[in-house]
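A.B. asks: Below: one structure in C-alpha cells.
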Amino acid sequence: MTAVAVAAVTGVLLWLFLAWSGRPDAPVRIDAVKTAFGVGAGAGGVFALWLATRRQRTLEVQLAETTRDLEERRVTELYTKAVEQLGSDKAPVRLGGLYALERLGQDNPKQRQTIVSVLCAYLRMPFKAPDVGLKGTAARDLDDDPEESELLVRLAVQELLKTHLSHDATGYWPGMSIDLQRATLVDFRLSGCTLAAADFSRARFIGQLHIRGTRFTRQVGFYGAEFRDIVNFDRSVFEEGAFFSRAHFARDVRFTRIRSGGRFEFPRAVFAEGAAFDGGEHQELDLADAQFPAAE
C-alpha cells in the first residue's frame with residue numbers, strides 16, 4: 001500500500017513539475033524527475049510512519065483491552081471462589097473466604113462496596129447467638145460447637161467492617177454504605193468510622209454497642225432496633241439526621257455531644273433505664289413520643 005501511494009504521489013508531482021517548467025529539454029526533465037522522486041519518497045516515508053504509528057496504537061489498544069478482560073476475569077473468579085467459601089459448613093473455610101474477600105477489596109477499590117455488601121449480607125443471615133461466652137473457644141475444635149464457631153466468624157466480619165470503615169486506619173475504604181437490617185450483631189463496635197448510608201432497622205444488638213466519634217454522611221435508620229445492653233453514641237455526627245422509631249433500649253444510653261444536621265427523632269422509642277443527651281447540637285431533636293422510666 002505504501003509503494004502504491006509513493007508511485008502515485010511521484011507520478012503526480014512529475015507531471016506537475018514538467019507542466020510548470022514549460023521546457024522540454026533533457027536537463028530540465030531530469031531535474032524534474034529527480035525532484036519528483038525525492039518529494040515522493042519523502043511523502044511516502046511520512047505516510048509509512050503514519051501507518052506504523054496507527055498500527056502501534058491499534059496494537060496497544062488491543063493489548064490494553066485484553067489485559068483488562070483478563071484482570072476482570074481473574075477478579076470475578078477470585079470473588080466467586082471466596083463467596084463459595086463463605087457458604088461452607090466449616091468455620092475455618094468461611095474464615096478463609098472472608099479474608100480472601102478482604103484482600104480482593106484491598107487490591108481492587110472498585111470492588112469494595114460490593115464486598116462490604118456481601119459482608120453485611122452475611123451478618124443478616126439468621127443466627128442464634130449462643131448464651132455461653134467465648135472463653136476457651138479457640139482452644140477447641142470449632143466443628144464441635146457450630147453456634148460458637150459461627151459466632152467467631154461473625155465477630156471477624158464485624159471487625160473487618162470496622163477496620164475498613166475507620167477513617168484513621170491505613171486500610172480505610174471511603175464512601176462505603178452498610179445495610180444491616182434485621183442483622184444480629186454481637187458486641188458491635190463502629191467507633192471512629194466514617195461512612196455514607198447506614199440502615200440498622202430491626203437489628204438486634206447483643207452485648208454492648210459502641211459507635212463513638214463516628215460520622216454518618218447520610219441519614220441513618222434504627223427503626224425497630226433492639227438494644228439489649230449499654231449503648232454509647234458519644235461524639236458521633238449524623239450529617240442528615242437519624243431516626244430511632246420504635247427502638248427499644250434495655251440499658252443506659254449515651255447520646256452525649258451528638259451533632260445532627262437533620263431530624264434526630266425517637267417516635268415510640270422505649271428507654272428502659274433512661275438516656276443522656278447532654279452537650280448535643282441538633283437541628284431538630286424529637287423526643288415527644290419516647291417512653292422513659294417513670295420518676296420514683
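Chain identifiers are assigned as A, B, and so on, following the order in which chains appear in the C-alpha cells; residues are numbered from 1 within each chain, and ligands are numbered from 1 in order of appearance.
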Would you kindly return, as a VMD selection string, each protein, DNA or RNA residue with an atom no farther than 9 Å from any atom of Ser260 in chain A, considering only C-alpha atoms and excluding same-chain residues fewer than 5 positions away?

C.D. replies: chain A and resid 236 to 242 280 to 285

A.B. asks: Dump all heavy atoms for the selected residues as a compact mmCIF listing (two decimals), in the first residue's frame?

C.D. replies:
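Heads up, here's the output in part30.txt:
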```txt
# COMPACT_ATOMS: atom_id res chain seq x y z
N SER A 236 -20.67 11.28 68.16
CA SER A 236 -20.91 10.90 66.76
C SER A 236 -21.62 12.03 66.02
O SER A 236 -22.27 12.88 66.62
CB SER A 236 -21.73 9.61 66.68
OG SER A 236 -20.95 8.49 67.04
N VAL A 237 -21.47 12.03 64.68
CA VAL A 237 -22.04 13.09 63.85
C VAL A 237 -22.99 12.44 62.83
O VAL A 237 -22.59 11.54 62.09
CB VAL A 237 -20.93 13.88 63.11
CG1 VAL A 237 -21.55 14.93 62.19
CG2 VAL A 237 -19.99 14.52 64.12
N PHE A 238 -24.22 12.93 62.81
CA PHE A 238 -25.22 12.47 61.86
C PHE A 238 -25.56 13.64 60.94
O PHE A 238 -26.41 14.48 61.27
CB PHE A 238 -26.47 11.96 62.59
CG PHE A 238 -26.22 10.81 63.52
CD1 PHE A 238 -25.79 11.04 64.83
CD2 PHE A 238 -26.40 9.51 63.11
CE1 PHE A 238 -25.55 9.98 65.70
CE2 PHE A 238 -26.15 8.44 63.96
CZ PHE A 238 -25.73 8.68 65.27
N GLU A 239 -24.87 13.74 59.81
CA GLU A 239 -24.99 14.92 58.97
C GLU A 239 -26.40 15.14 58.44
O GLU A 239 -26.83 16.28 58.25
CB GLU A 239 -24.00 14.84 57.81
CG GLU A 239 -22.54 14.92 58.26
CD GLU A 239 -21.58 15.00 57.10
OE1 GLU A 239 -22.04 15.06 55.93
OE2 GLU A 239 -20.36 15.01 57.34
N GLU A 240 -27.14 14.07 58.19
CA GLU A 240 -28.52 14.21 57.70
C GLU A 240 -29.54 13.66 58.70
O GLU A 240 -30.68 13.38 58.34
CB GLU A 240 -28.67 13.50 56.34
CG GLU A 240 -27.84 14.15 55.23
CD GLU A 240 -28.13 13.55 53.87
OE1 GLU A 240 -28.96 12.61 53.79
OE2 GLU A 240 -27.54 14.02 52.88
N GLY A 241 -29.10 13.50 59.93
CA GLY A 241 -30.01 13.05 60.97
C GLY A 241 -30.12 11.54 61.08
O GLY A 241 -29.45 10.78 60.36
N ALA A 242 -30.98 11.10 62.00
CA ALA A 242 -31.19 9.67 62.23
C ALA A 242 -32.57 9.48 62.85
O ALA A 242 -33.10 10.39 63.49
CB ALA A 242 -30.12 9.09 63.15
N GLY A 280 -25.35 18.06 73.18
CA GLY A 280 -25.60 17.81 71.76
C GLY A 280 -25.96 19.07 70.99
O GLY A 280 -26.42 20.07 71.56
N GLU A 281 -25.73 19.02 69.68
CA GLU A 281 -26.12 20.10 68.78
C GLU A 281 -27.02 19.49 67.71
O GLU A 281 -26.55 18.76 66.84
CB GLU A 281 -24.89 20.75 68.13
CG GLU A 281 -23.93 21.38 69.13
CD GLU A 281 -22.71 21.94 68.44
OE1 GLU A 281 -22.72 22.07 67.19
OE2 GLU A 281 -21.73 22.26 69.14
N HIS A 282 -28.32 19.81 67.78
CA HIS A 282 -29.28 19.18 66.88
C HIS A 282 -30.05 20.23 66.11
O HIS A 282 -30.50 21.24 66.68
CB HIS A 282 -30.27 18.33 67.68
CG HIS A 282 -29.62 17.27 68.53
ND1 HIS A 282 -29.19 16.08 68.01
CD2 HIS A 282 -29.34 17.25 69.85
CE1 HIS A 282 -28.66 15.34 68.99
NE2 HIS A 282 -28.74 16.03 70.11
N GLN A 283 -30.23 19.97 64.83
CA GLN A 283 -31.11 20.84 64.04
C GLN A 283 -32.54 20.66 64.52
O GLN A 283 -33.31 21.62 64.61
CB GLN A 283 -30.99 20.50 62.56
CG GLN A 283 -31.89 21.34 61.67
CD GLN A 283 -31.62 21.09 60.20
OE1 GLN A 283 -30.48 21.07 59.74
NE2 GLN A 283 -32.68 20.86 59.43
N GLU A 284 -32.91 19.41 64.84
CA GLU A 284 -34.25 19.14 65.37
C GLU A 284 -34.23 17.82 66.12
O GLU A 284 -34.06 16.75 65.52
CB GLU A 284 -35.29 19.09 64.25
CG GLU A 284 -36.71 18.94 64.76
CD GLU A 284 -37.74 19.02 63.66
OE1 GLU A 284 -37.34 19.26 62.50
OE2 GLU A 284 -38.94 18.84 63.94
N LEU A 285 -34.41 17.90 67.44
CA LEU A 285 -34.43 16.71 68.29
C LEU A 285 -35.87 16.46 68.71
O LEU A 285 -36.52 17.31 69.32
CB LEU A 285 -33.55 16.92 69.51
CG LEU A 285 -33.57 15.81 70.57
CD1 LEU A 285 -33.08 14.49 69.98
CD2 LEU A 285 -32.72 16.21 71.77
```

A.B. asks: Quick check, in Å to one decimal: how far apart do CA of Leu161 in chain A and CA of Gln85 in chain A lie?

C.D. replies: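 Between these atoms lies a distance of 18.4 Å.
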
A.B. asks: Tell me which protein, DNA and RNA residues are within 10 Å of Tyr99 in chain A, counting only C-alpha atoms, leaving out same-chain ones fewer than 6 positions away, and put them as a ChimeraX atom specification.

C.D. replies: /A:82,105,156-157,160

A.B. asks: Would you mind writing down, as a PyMOL selection string, each residue of range 93-230 of chain A that DSSP on the backbone assigns to strand (DSSP E or B)?

C.D. replies: chain A and resi 166+178-179+184-186+189+193-195+198-199+204-206+209-210+215-216+220-221+226-227
